[in-house]
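Undergrad: Enclosed is the structure file my_file_33.pdb (PDB, C-alpha atoms).
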```pdb
ATOM      1  CA  MET A  68     114.452 -17.116 -22.734
ATOM      2  CA  ALA A  69     114.191 -15.423 -26.126
ATOM      3  CA  GLN A  70     111.650 -18.024 -27.213
ATOM      4  CA  SER A  71     109.530 -17.325 -24.110
ATOM      5  CA  SER A  72     109.481 -13.602 -24.922
ATOM      6  CA  LYS A  73     108.267 -14.334 -28.447
ATOM      7  CA  VAL A  74     105.401 -16.425 -27.034
ATOM      8  CA  ASP A  75     104.425 -13.767 -24.470
ATOM      9  CA  ALA A  76     104.357 -10.965 -27.056
ATOM     10  CA  PRO A  77     101.223 -12.187 -28.924
ATOM     11  CA  ILE A  78      99.472 -12.815 -25.600
ATOM     12  CA  GLU A  79     100.267  -9.296 -24.424
ATOM     13  CA  SER A  80      99.162  -7.841 -27.765
ATOM     14  CA  PHE A  81      95.874  -9.775 -27.534
ATOM     15  CA  SER A  82      95.271  -8.438 -24.011
ATOM     16  CA  VAL A  83      95.870  -4.879 -25.163
ATOM     17  CA  ARG A  84      93.466  -5.292 -28.080
ATOM     18  CA  ALA A  85      90.842  -6.859 -25.824
ATOM     19  CA  ALA A  86      91.155  -4.019 -23.309
ATOM     20  CA  SER A  87      90.944  -1.442 -26.104
ATOM     21  CA  GLU A  88      87.820  -3.095 -27.539
ATOM     22  CA  ALA A  89      86.190  -3.261 -24.108
ATOM     23  CA  ARG A  90      86.954   0.425 -23.628
ATOM     24  CA  ARG A  91      85.374   1.315 -26.984
ATOM     25  CA  ARG A  92      82.268  -0.713 -26.140
ATOM     26  CA  TRP A  93      81.960   1.054 -22.791
ATOM     27  CA  GLN A  94      82.314   4.435 -24.478
ATOM     28  CA  ARG A  95      79.597   3.535 -26.985
ATOM     29  CA  PHE A  96      77.331   2.383 -24.138
ATOM     30  CA  THR A  97      77.881   5.499 -22.029
ATOM     31  CA  GLY A  98      77.454   7.636 -25.134
ATOM     32  CA  ILE A  99      73.794   6.629 -25.392
ATOM     33  CA  ASP A 100      71.706   9.731 -24.729
ATOM     34  CA  GLU A 101      69.191   7.771 -22.669
ATOM     35  CA  ILE A 102      71.748   5.993 -20.446
ATOM     36  CA  GLY A 103      70.724   7.885 -17.310
ATOM     37  CA  VAL A 104      67.032   7.125 -17.649
ATOM     38  CA  LEU A 105      67.732   3.464 -18.519
ATOM     39  CA  ILE A 106      69.757   3.062 -15.329
ATOM     40  CA  ALA A 107      66.983   4.766 -13.351
ATOM     41  CA  ILE A 108      64.363   2.396 -14.810
ATOM     42  CA  PHE A 109      66.467  -0.620 -13.892
ATOM     43  CA  VAL A 110      67.059   0.600 -10.325
ATOM     44  CA  ILE A 111      63.413   1.557  -9.699
ATOM     45  CA  GLY A 112      62.156  -1.689 -11.235
ATOM     46  CA  PHE A 113      64.540  -3.740  -9.107
ATOM     47  CA  LEU A 114      63.549  -1.949  -5.884
ATOM     48  CA  LEU A 115      59.831  -2.321  -6.593
ATOM     49  CA  SER A 116      60.181  -5.992  -7.518
ATOM     50  CA  VAL A 117      61.969  -6.629  -4.227
ATOM     51  CA  SER A 118      59.587  -4.595  -2.054
ATOM     52  CA  THR A 119      56.330  -5.878  -3.595
ATOM     53  CA  ASP A 120      55.029  -9.221  -4.818
ATOM     54  CA  THR A 121      52.772  -7.827  -7.526
ATOM     55  CA  PHE A 122      54.899  -5.325  -9.443
ATOM     56  CA  LEU A 123      56.312  -7.831 -11.938
ATOM     57  CA  ARG A 124      52.946  -9.416 -12.713
ATOM     58  CA  SER A 125      52.038  -9.027 -16.363
ATOM     59  CA  ASN A 126      48.715  -7.283 -15.702
ATOM     60  CA  ASN A 127      50.402  -4.729 -13.468
ATOM     61  CA  LEU A 128      53.186  -4.054 -15.966
ATOM     62  CA  LEU A 129      50.624  -3.497 -18.711
ATOM     63  CA  GLN A 130      48.759  -1.132 -16.400
ATOM     64  CA  VAL A 131      51.995   0.816 -15.828
ATOM     65  CA  ALA A 132      52.603   1.007 -19.573
ATOM     66  CA  ARG A 133      49.056   2.183 -20.229
ATOM     67  CA  GLN A 134      49.324   4.921 -17.618
ATOM     68  CA  ALA A 135      52.677   5.993 -19.039
ATOM     69  CA  SER A 136      51.240   6.207 -22.548
ATOM     70  CA  TYR A 137      49.297   9.434 -21.920
ATOM     71  CA  TYR A 138      52.354  11.170 -20.452
ATOM     72  CA  GLY A 139      54.555   9.658 -23.147
ATOM     73  CA  ILE A 140      52.456  10.865 -26.078
ATOM     74  CA  MET A 141      52.561  14.425 -24.770
ATOM     75  CA  ALA A 142      56.226  14.119 -23.767
ATOM     76  CA  VAL A 143      57.082  13.625 -27.455
ATOM     77  CA  GLY A 144      55.679  17.083 -28.163
ATOM     78  CA  MET A 145      57.258  18.542 -25.031
ATOM     79  CA  VAL A 146      60.703  17.455 -26.264
ATOM     80  CA  PHE A 147      60.202  19.743 -29.275
ATOM     81  CA  VAL A 148      59.018  22.612 -27.063
ATOM     82  CA  LEU A 149      61.854  22.325 -24.524
ATOM     83  CA  SER A 150      64.472  21.846 -27.240
ATOM     84  CA  MET A 151      63.324  25.141 -28.717
ATOM     85  CA  GLY A 152      63.882  26.811 -25.349
ATOM     86  CA  ASP A 153      60.197  27.140 -24.408
ATOM     87  CA  VAL A 154      57.901  25.507 -21.838
ATOM     88  CA  ASP A 155      54.194  24.669 -22.299
ATOM     89  CA  LEU A 156      52.174  24.575 -19.087
ATOM     90  CA  SER A 157      48.791  24.162 -20.783
ATOM     91  CA  VAL A 158      49.135  20.575 -22.081
ATOM     92  CA  GLY A 159      47.001  19.049 -19.318
ATOM     93  CA  SER A 160      44.235  21.583 -19.925
ATOM     94  CA  ILE A 161      44.355  20.990 -23.697
ATOM     95  CA  LEU A 162      43.972  17.245 -23.057
ATOM     96  CA  MET A 163      40.995  17.985 -20.799
ATOM     97  CA  LEU A 164      39.330  20.296 -23.346
ATOM     98  CA  VAL A 165      39.850  17.858 -26.232
ATOM     99  CA  ASN A 166      38.502  15.033 -24.093
ATOM    100  CA  ILE A 167      35.302  17.003 -23.449
ATOM    101  CA  VAL A 168      34.895  18.367 -26.996
ATOM    102  CA  THR A 169      35.242  14.904 -28.542
ATOM    103  CA  ALA A 170      32.745  13.430 -26.065
ATOM    104  CA  ILE A 171      30.227  16.190 -26.804
ATOM    105  CA  ALA A 172      30.679  15.647 -30.556
ATOM    106  CA  LEU A 173      29.881  11.952 -30.076
ATOM    107  CA  ARG A 174      26.891  12.779 -27.871
ATOM    108  CA  GLU A 175      25.511  15.076 -30.563
ATOM    109  CA  GLY A 176      25.588  12.240 -33.059
ATOM    110  CA  LEU A 177      28.690  13.041 -35.114
ATOM    111  CA  PRO A 178      30.336  10.016 -36.732
ATOM    112  CA  VAL A 179      33.445   8.814 -34.919
ATOM    113  CA  PRO A 180      35.921  10.044 -37.586
ATOM    114  CA  LEU A 181      34.404  13.546 -37.497
ATOM    115  CA  ALA A 182      34.390  13.556 -33.687
ATOM    116  CA  ILE A 183      38.073  12.596 -33.673
ATOM    117  CA  LEU A 184      38.786  15.300 -36.239
ATOM    118  CA  ALA A 185      36.988  17.813 -34.017
ATOM    119  CA  GLY A 186      39.179  16.805 -31.094
ATOM    120  CA  LEU A 187      42.402  17.005 -33.092
ATOM    121  CA  SER A 188      41.379  20.364 -34.520
ATOM    122  CA  THR A 189      40.650  21.671 -31.017
ATOM    123  CA  GLY A 190      44.126  20.660 -29.853
ATOM    124  CA  ALA A 191      45.751  22.213 -32.919
ATOM    125  CA  VAL A 192      43.851  25.481 -32.412
ATOM    126  CA  CYS A 193      44.868  25.604 -28.743
ATOM    127  CA  GLY A 194      48.508  25.112 -29.688
ATOM    128  CA  LEU A 195      48.193  27.715 -32.439
ATOM    129  CA  VAL A 196      46.762  30.194 -29.940
ATOM    130  CA  ASN A 197      49.664  29.552 -27.553
ATOM    131  CA  GLY A 198      52.280  30.056 -30.245
ATOM    132  CA  SER A 199      50.614  33.078 -31.840
ATOM    133  CA  LEU A 200      50.096  34.912 -28.538
ATOM    134  CA  SER A 201      53.703  34.305 -27.557
ATOM    135  CA  VAL A 202      54.973  35.665 -30.883
ATOM    136  CA  ILE A 203      52.540  38.582 -31.267
ATOM    137  CA  LEU A 204      52.738  39.797 -27.661
ATOM    138  CA  ARG A 205      56.454  38.936 -27.387
ATOM    139  CA  ILE A 206      55.843  37.254 -24.063
ATOM    140  CA  PRO A 207      57.710  34.119 -22.941
ATOM    141  CA  THR A 208      55.722  31.000 -23.787
ATOM    142  CA  ILE A 209      55.733  29.844 -20.178
ATOM    143  CA  ILE A 210      53.792  33.002 -19.217
ATOM    144  CA  VAL A 211      51.331  32.683 -22.104
ATOM    145  CA  THR A 212      50.607  29.020 -21.355
ATOM    146  CA  LEU A 213      50.265  29.777 -17.652
ATOM    147  CA  GLY A 214      47.306  31.932 -18.636
ATOM    148  CA  THR A 215      45.844  29.708 -21.345
ATOM    149  CA  MET A 216      46.074  26.769 -18.952
ATOM    150  CA  SER A 217      43.277  28.354 -16.927
ATOM    151  CA  VAL A 218      41.390  29.518 -20.051
ATOM    152  CA  PHE A 219      41.284  26.043 -21.628
ATOM    153  CA  ARG A 220      40.417  24.384 -18.339
ATOM    154  CA  GLY A 221      37.655  26.887 -17.665
ATOM    155  CA  ALA A 222      36.244  26.371 -21.162
ATOM    156  CA  ALA A 223      36.148  22.607 -20.609
ATOM    157  CA  LEU A 224      34.350  23.039 -17.284
ATOM    158  CA  VAL A 225      31.813  25.440 -18.788
ATOM    159  CA  ILE A 226      30.819  23.322 -21.784
ATOM    160  CA  SER A 227      30.716  20.121 -19.719
ATOM    161  CA  LYS A 228      29.072  21.798 -16.715
ATOM    162  CA  ALA A 229      31.792  20.088 -14.669
ATOM    163  CA  THR A 230      30.132  16.696 -15.097
ATOM    164  CA  PRO A 231      31.292  13.607 -17.020
ATOM    165  CA  ILE A 232      29.837  13.120 -20.509
ATOM    166  CA  SER A 233      29.033   9.552 -21.461
ATOM    167  CA  GLN A 234      25.634   9.689 -23.177
ATOM    168  CA  PHE A 235      26.781   8.275 -26.498
ATOM    169  CA  SER A 236      27.062   4.907 -28.184
ATOM    170  CA  LYS A 237      30.087   2.907 -27.048
ATOM    171  CA  ASP A 238      29.563   0.168 -29.597
ATOM    172  CA  THR A 239      32.123   1.608 -32.006
ATOM    173  CA  LEU A 240      35.636   0.719 -33.105
ATOM    174  CA  LEU A 241      37.024   3.677 -31.140
ATOM    175  CA  PHE A 242      35.906   2.314 -27.792
ATOM    176  CA  THR A 243      36.480  -1.320 -28.734
ATOM    177  CA  LEU A 244      40.121  -0.592 -29.494
ATOM    178  CA  GLY A 245      40.515   2.082 -26.821
ATOM    179  CA  GLY A 246      39.574  -0.238 -24.003
ATOM    180  CA  GLY A 247      41.215  -3.277 -25.553
ATOM    181  CA  ARG A 248      44.604  -4.483 -26.701
ATOM    182  CA  ILE A 249      46.482  -4.990 -29.941
ATOM    183  CA  LEU A 250      48.598  -8.158 -29.896
ATOM    184  CA  GLY A 251      48.301  -8.174 -26.122
ATOM    185  CA  VAL A 252      49.467  -4.569 -25.746
ATOM    186  CA  PRO A 253      47.069  -1.794 -24.598
ATOM    187  CA  THR A 254      45.968   0.309 -27.558
ATOM    188  CA  SER A 255      47.171   3.563 -25.979
ATOM    189  CA  VAL A 256      50.673   2.075 -25.662
ATOM    190  CA  VAL A 257      50.650   1.180 -29.362
ATOM    191  CA  ILE A 258      49.593   4.753 -30.140
ATOM    192  CA  MET A 259      52.431   6.078 -27.952
ATOM    193  CA  ILE A 260      54.959   3.935 -29.845
ATOM    194  CA  LEU A 261      53.656   5.127 -33.218
ATOM    195  CA  VAL A 262      53.712   8.752 -32.070
ATOM    196  CA  GLY A 263      57.237   8.206 -30.750
ATOM    197  CA  VAL A 264      58.432   6.828 -34.103
ATOM    198  CA  VAL A 265      56.912   9.759 -35.997
ATOM    199  CA  GLY A 266      58.324  12.228 -33.474
ATOM    200  CA  PHE A 267      61.795  10.643 -33.634
ATOM    201  CA  ILE A 268      61.919  10.875 -37.424
ATOM    202  CA  LEU A 269      60.657  14.461 -37.375
ATOM    203  CA  PHE A 270      63.073  15.504 -34.618
ATOM    204  CA  ASN A 271      66.230  13.684 -35.747
ATOM    205  CA  ARG A 272      65.865  13.119 -39.472
ATOM    206  CA  THR A 273      64.324  16.288 -40.890
ATOM    207  CA  ALA A 274      65.419  19.873 -41.416
ATOM    208  CA  PHE A 275      62.494  20.989 -39.239
ATOM    209  CA  GLY A 276      63.830  19.089 -36.227
ATOM    210  CA  ARG A 277      67.375  20.384 -36.722
ATOM    211  CA  ARG A 278      66.107  23.958 -37.007
ATOM    212  CA  VAL A 279      64.079  23.600 -33.809
ATOM    213  CA  GLN A 280      67.209  22.470 -31.968
ATOM    214  CA  ALA A 281      69.218  25.263 -33.552
ATOM    215  CA  ILE A 282      66.728  27.847 -32.275
ATOM    216  CA  GLY A 283      67.036  26.498 -28.741
ATOM    217  CA  SER A 284      70.812  26.255 -28.959
ATOM    218  CA  ASN A 285      71.485  29.807 -30.156
ATOM    219  CA  LEU A 286      68.587  32.048 -31.112
ATOM    220  CA  GLN A 287      70.683  34.791 -32.686
ATOM    221  CA  ALA A 288      72.777  32.383 -34.732
ATOM    222  CA  ALA A 289      69.594  30.655 -35.933
ATOM    223  CA  ARG A 290      68.118  33.996 -36.973
ATOM    224  CA  PHE A 291      71.284  35.039 -38.843
ATOM    225  CA  SER A 292      71.379  31.678 -40.619
ATOM    226  CA  GLY A 293      67.974  32.381 -42.147
ATOM    227  CA  ILE A 294      65.746  30.186 -39.960
ATOM    228  CA  ARG A 295      62.236  31.616 -39.675
ATOM    229  CA  ILE A 296      61.954  31.799 -35.907
ATOM    230  CA  VAL A 297      58.315  32.929 -35.759
ATOM    231  CA  ARG A 298      57.084  30.197 -38.089
ATOM    232  CA  HIS A 299      58.907  27.438 -36.240
ATOM    233  CA  ARG A 300      57.772  28.592 -32.802
ATOM    234  CA  ILE A 301      54.139  28.604 -33.921
ATOM    235  CA  LEU A 302      54.505  25.230 -35.659
ATOM    236  CA  VAL A 303      56.067  23.610 -32.591
ATOM    237  CA  MET A 304      53.346  24.892 -30.263
ATOM    238  CA  THR A 305      50.659  23.735 -32.714
ATOM    239  CA  LEU A 306      52.328  20.321 -32.858
ATOM    240  CA  MET A 307      52.302  20.209 -29.058
ATOM    241  CA  GLY A 308      48.560  20.857 -29.141
ATOM    242  CA  VAL A 309      48.030  17.976 -31.591
ATOM    243  CA  PHE A 310      49.989  15.552 -29.414
ATOM    244  CA  SER A 311      47.947  16.634 -26.384
ATOM    245  CA  ALA A 312      44.789  16.054 -28.423
ATOM    246  CA  ILE A 313      45.899  12.529 -29.340
ATOM    247  CA  ALA A 314      46.438  11.776 -25.652
ATOM    248  CA  GLY A 315      43.022  13.247 -24.813
ATOM    249  CA  ILE A 316      41.226  11.103 -27.404
ATOM    250  CA  ALA A 317      43.121   8.012 -26.234
ATOM    251  CA  ALA A 318      42.016   8.739 -22.658
ATOM    252  CA  LEU A 319      38.403   9.157 -23.825
ATOM    253  CA  ALA A 320      38.533   5.830 -25.677
ATOM    254  CA  PHE A 321      39.765   4.034 -22.565
ATOM    255  CA  LEU A 322      37.535   5.744 -19.984
ATOM    256  CA  GLN A 323      34.526   5.731 -22.361
ATOM    257  CA  ALA A 324      33.530   9.123 -20.993
ATOM    258  CA  GLY A 325      34.584  12.732 -21.262
ATOM    259  CA  ASP A 326      35.767  13.445 -17.731
ATOM    260  CA  PRO A 327      36.626  17.021 -16.675
ATOM    261  CA  ALA A 328      38.843  15.544 -13.965
ATOM    262  CA  THR A 329      41.174  14.074 -16.600
ATOM    263  CA  GLY A 330      44.184  16.229 -17.460
ATOM    264  CA  PRO A 331      44.753  18.790 -14.685
ATOM    265  CA  GLY A 332      48.230  18.298 -13.245
ATOM    266  CA  PHE A 333      49.492  16.298 -16.216
ATOM    267  CA  GLU A 334      51.761  19.175 -17.257
ATOM    268  CA  LEU A 335      54.112  18.452 -14.331
ATOM    269  CA  PHE A 336      54.477  14.796 -15.292
ATOM    270  CA  VAL A 337      54.891  15.589 -18.995
ATOM    271  CA  ILE A 338      57.611  18.172 -18.422
ATOM    272  CA  ALA A 339      59.272  15.861 -15.901
ATOM    273  CA  SER A 340      59.181  12.985 -18.413
ATOM    274  CA  ALA A 341      61.024  15.043 -21.020
ATOM    275  CA  ILE A 342      63.600  16.314 -18.525
ATOM    276  CA  ILE A 343      64.202  12.880 -17.014
ATOM    277  CA  GLY A 344      64.669  11.567 -20.542
ATOM    278  CA  GLY A 345      67.562  13.921 -21.177
ATOM    279  CA  THR A 346      65.975  16.988 -22.782
ATOM    280  CA  ALA A 347      67.717  20.155 -21.614
ATOM    281  CA  LEU A 348      65.617  22.929 -20.111
ATOM    282  CA  THR A 349      68.015  25.412 -21.692
ATOM    283  CA  GLY A 350      67.120  24.110 -25.157
ATOM    284  CA  GLY A 351      69.236  22.908 -28.044
ATOM    285  CA  SER A 352      68.948  19.152 -27.521
ATOM    286  CA  GLY A 353      66.433  16.476 -26.650
ATOM    287  CA  SER A 354      65.554  12.807 -26.877
ATOM    288  CA  ILE A 355      62.226  11.422 -28.063
ATOM    289  CA  PRO A 356      62.912   7.886 -26.756
ATOM    290  CA  GLY A 357      64.142   9.449 -23.521
ATOM    291  CA  GLY A 358      60.880  11.353 -23.096
ATOM    292  CA  ILE A 359      58.870   8.141 -23.444
ATOM    293  CA  LEU A 360      61.174   6.315 -21.023
ATOM    294  CA  GLY A 361      60.831   9.232 -18.609
ATOM    295  CA  ALA A 362      57.056   8.828 -18.765
ATOM    296  CA  LEU A 363      57.524   5.155 -17.931
ATOM    297  CA  ILE A 364      59.523   6.113 -14.833
ATOM    298  CA  ILE A 365      56.763   8.469 -13.675
ATOM    299  CA  ALA A 366      54.167   5.720 -14.117
ATOM    300  CA  MET A 367      56.373   3.190 -12.300
ATOM    301  CA  ILE A 368      56.707   5.540  -9.336
ATOM    302  CA  ARG A 369      52.978   6.231  -9.125
ATOM    303  CA  ASN A 370      52.173   2.532  -9.417
ATOM    304  CA  GLY A 371      54.858   1.486  -6.954
ATOM    305  CA  LEU A 372      53.713   3.928  -4.277
ATOM    306  CA  VAL A 373      50.218   2.438  -4.416
ATOM    307  CA  LEU A 374      51.567  -1.116  -4.245
ATOM    308  CA  ILE A 375      53.653  -0.441  -1.148
ATOM    309  CA  GLY A 376      50.681   1.227   0.552
ATOM    310  CA  LEU A 377      51.582   4.927   0.263
ATOM    311  CA  SER A 378      49.285   7.618  -1.074
ATOM    312  CA  ALA A 379      49.636   8.401  -4.777
ATOM    313  CA  TYR A 380      49.939  12.055  -3.756
ATOM    314  CA  TRP A 381      53.519  11.265  -2.752
ATOM    315  CA  SER A 382      54.253  10.781  -6.467
ATOM    316  CA  THR A 383      54.721  14.534  -6.893
ATOM    317  CA  ALA A 384      57.526  14.613  -4.338
ATOM    318  CA  ALA A 385      58.977  11.368  -5.643
ATOM    319  CA  THR A 386      58.964  12.762  -9.188
ATOM    320  CA  GLY A 387      61.133  15.669  -8.085
ATOM    321  CA  VAL A 388      63.616  13.311  -6.443
ATOM    322  CA  VAL A 389      63.795  11.143  -9.556
ATOM    323  CA  ILE A 390      64.358  14.198 -11.790
ATOM    324  CA  ILE A 391      67.391  15.182  -9.719
ATOM    325  CA  ALA A 392      68.696  11.609  -9.504
ATOM    326  CA  ALA A 393      68.252  10.818 -13.211
ATOM    327  CA  VAL A 394      69.898  14.054 -14.352
ATOM    328  CA  ALA A 395      72.761  13.564 -11.875
ATOM    329  CA  ILE A 396      73.377   9.976 -13.018
ATOM    330  CA  ASP A 397      73.226  11.009 -16.660
ATOM    331  CA  TYR A 398      75.697  13.850 -16.081
ATOM    332  CA  PHE A 399      78.081  11.657 -14.071
ATOM    333  CA  VAL A 400      78.132   8.804 -16.596
ATOM    334  CA  LYS A 401      78.629  11.112 -19.590
ATOM    335  CA  ARG A 402      81.376  13.002 -17.788
ATOM    336  CA  ARG A 403      83.154   9.707 -17.103
TER     337      ARG A 403
END
```
Spell out the structure here as structure tokens.

TA:
Amino acid sequence: MAQSSKVDAPIESFSVRAASEARRRWQRFTGIDEIGVLIAIFVIGFLLSVSTDTFLRSNNLLQVARQASYYGIMAVGMVFVLSMGDVDLSVGSILMLVNIVTAIALREGLPVPLAILAGLSTGAVCGLVNGSLSVILRIPTIIVTLGTMSVFRGAALVISKATPISQFSKDTLLFTLGGGRILGVPTSVVIMILVGVVGFILFNRTAFGRRVQAIGSNLQAARFSGIRIVRHRILVMTLMGVFSAIAGIAALAFLQAGDPATGPGFELFVIASAIIGGTALTGGSGSIPGGILGALIIAMIRNGLVLIGLSAYWSTAATGVVIIAAVAIDYFVKRR
């Protein structure tokens, strides 16, 4: 009997160690910031693959990724804005204005690099205006950008006369790459990945990113610790304008035309992407990979609704449902 107990002891000890290791692995898995959005992607992908025959086709998946890229590029900037405790409602209008300005620059004969620089500069100036007005007038950024949203959109409509601009040479590297693929991946998706890597390093690995999160977490504590609140608010809004400009130029390269119908309404999907990805509306924390994954969810929903025969206009309602579901799943899993 004593010998049997000695044999059972190592077995029991091994079982305890195995259970402890499994528990640690589960805790590491559920500790991933993007766990909620990853589960949502899996569930939505599974439902769409079951309900349609075309969702899992490679061409369709690449189309979903390309559509997500525009939201994803801007969602990287929106993570910074939301983490700071602000909201930018003008991102879709900035994309639209940059799209038109770059197209006009090309039509007037500017070399492609200068046209791109003009577009990026336009986005940066728009973001600078948003940040400066918010700081100087001491008005919440959401109110300022609610106004500039209409200003930027109106400016784009005026200079384009509300008509697409395509009277320029398309035999350039910009349009060759913009409408093509790099290693089989749409160029805009590659740009989104590069922007995501840069944004992740800036947000998680630099003092600037930590200070932005500190401002959103506790404004007074950040001010007492010596963080220059005004400078960082203006810098973040300017950065948001640059990311919107990158998305606008990428859209121009793919569409091969400056279209005044491109951009309006994007702000909802961009903000939703960041929130779905785990960025708190109250500020203080955020996830760059989560914002990109959130954009992928939005694109999957819009694509899936078309495939099952419903109007794409339902995507707005579906986006709201997914926001609630993704945040609820994320909260439940982390609480467990």

Undergrad: Check which residues satisfy the PyMOL selection byres ((chain A and resi 131) around 9) in the file shown, then give them as a count of residues only.

TA: 15

Undergrad: Which is closest to A:Met151 among A:Ile183, A:Ile364, A:Ile108, A:Ala347, if we use all atoms listed in the file?

TA: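 Ranking A:Ile183, A:Ile364, A:Ile108, A:Ala347 by distance to A:Met151, first place goes to A:Ala347.
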
Undergrad: One number please: atom CA of A:Val265 to atom CA of A:Gly139, in Å, one decimal.

TA: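 Taking atom CA of A:Val265 as the start and atom CA of A:Gly139 as the end point, the length is 13.1 Å.
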
Undergrad: Would you compute the distance between atom CA of A:Glu175 and atom CA of A:Ser236? Give it in Å to one decimal.

TA: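 Taking atom CA of A:Glu175 and atom CA of A:Ser236, their separation equals 10.6 Å.
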
Undergrad: In Å, rounded to a single decimal, give me how far atom CA of A:Met216 is from atom CA of A:Ala312.

TA: 14.4 Å
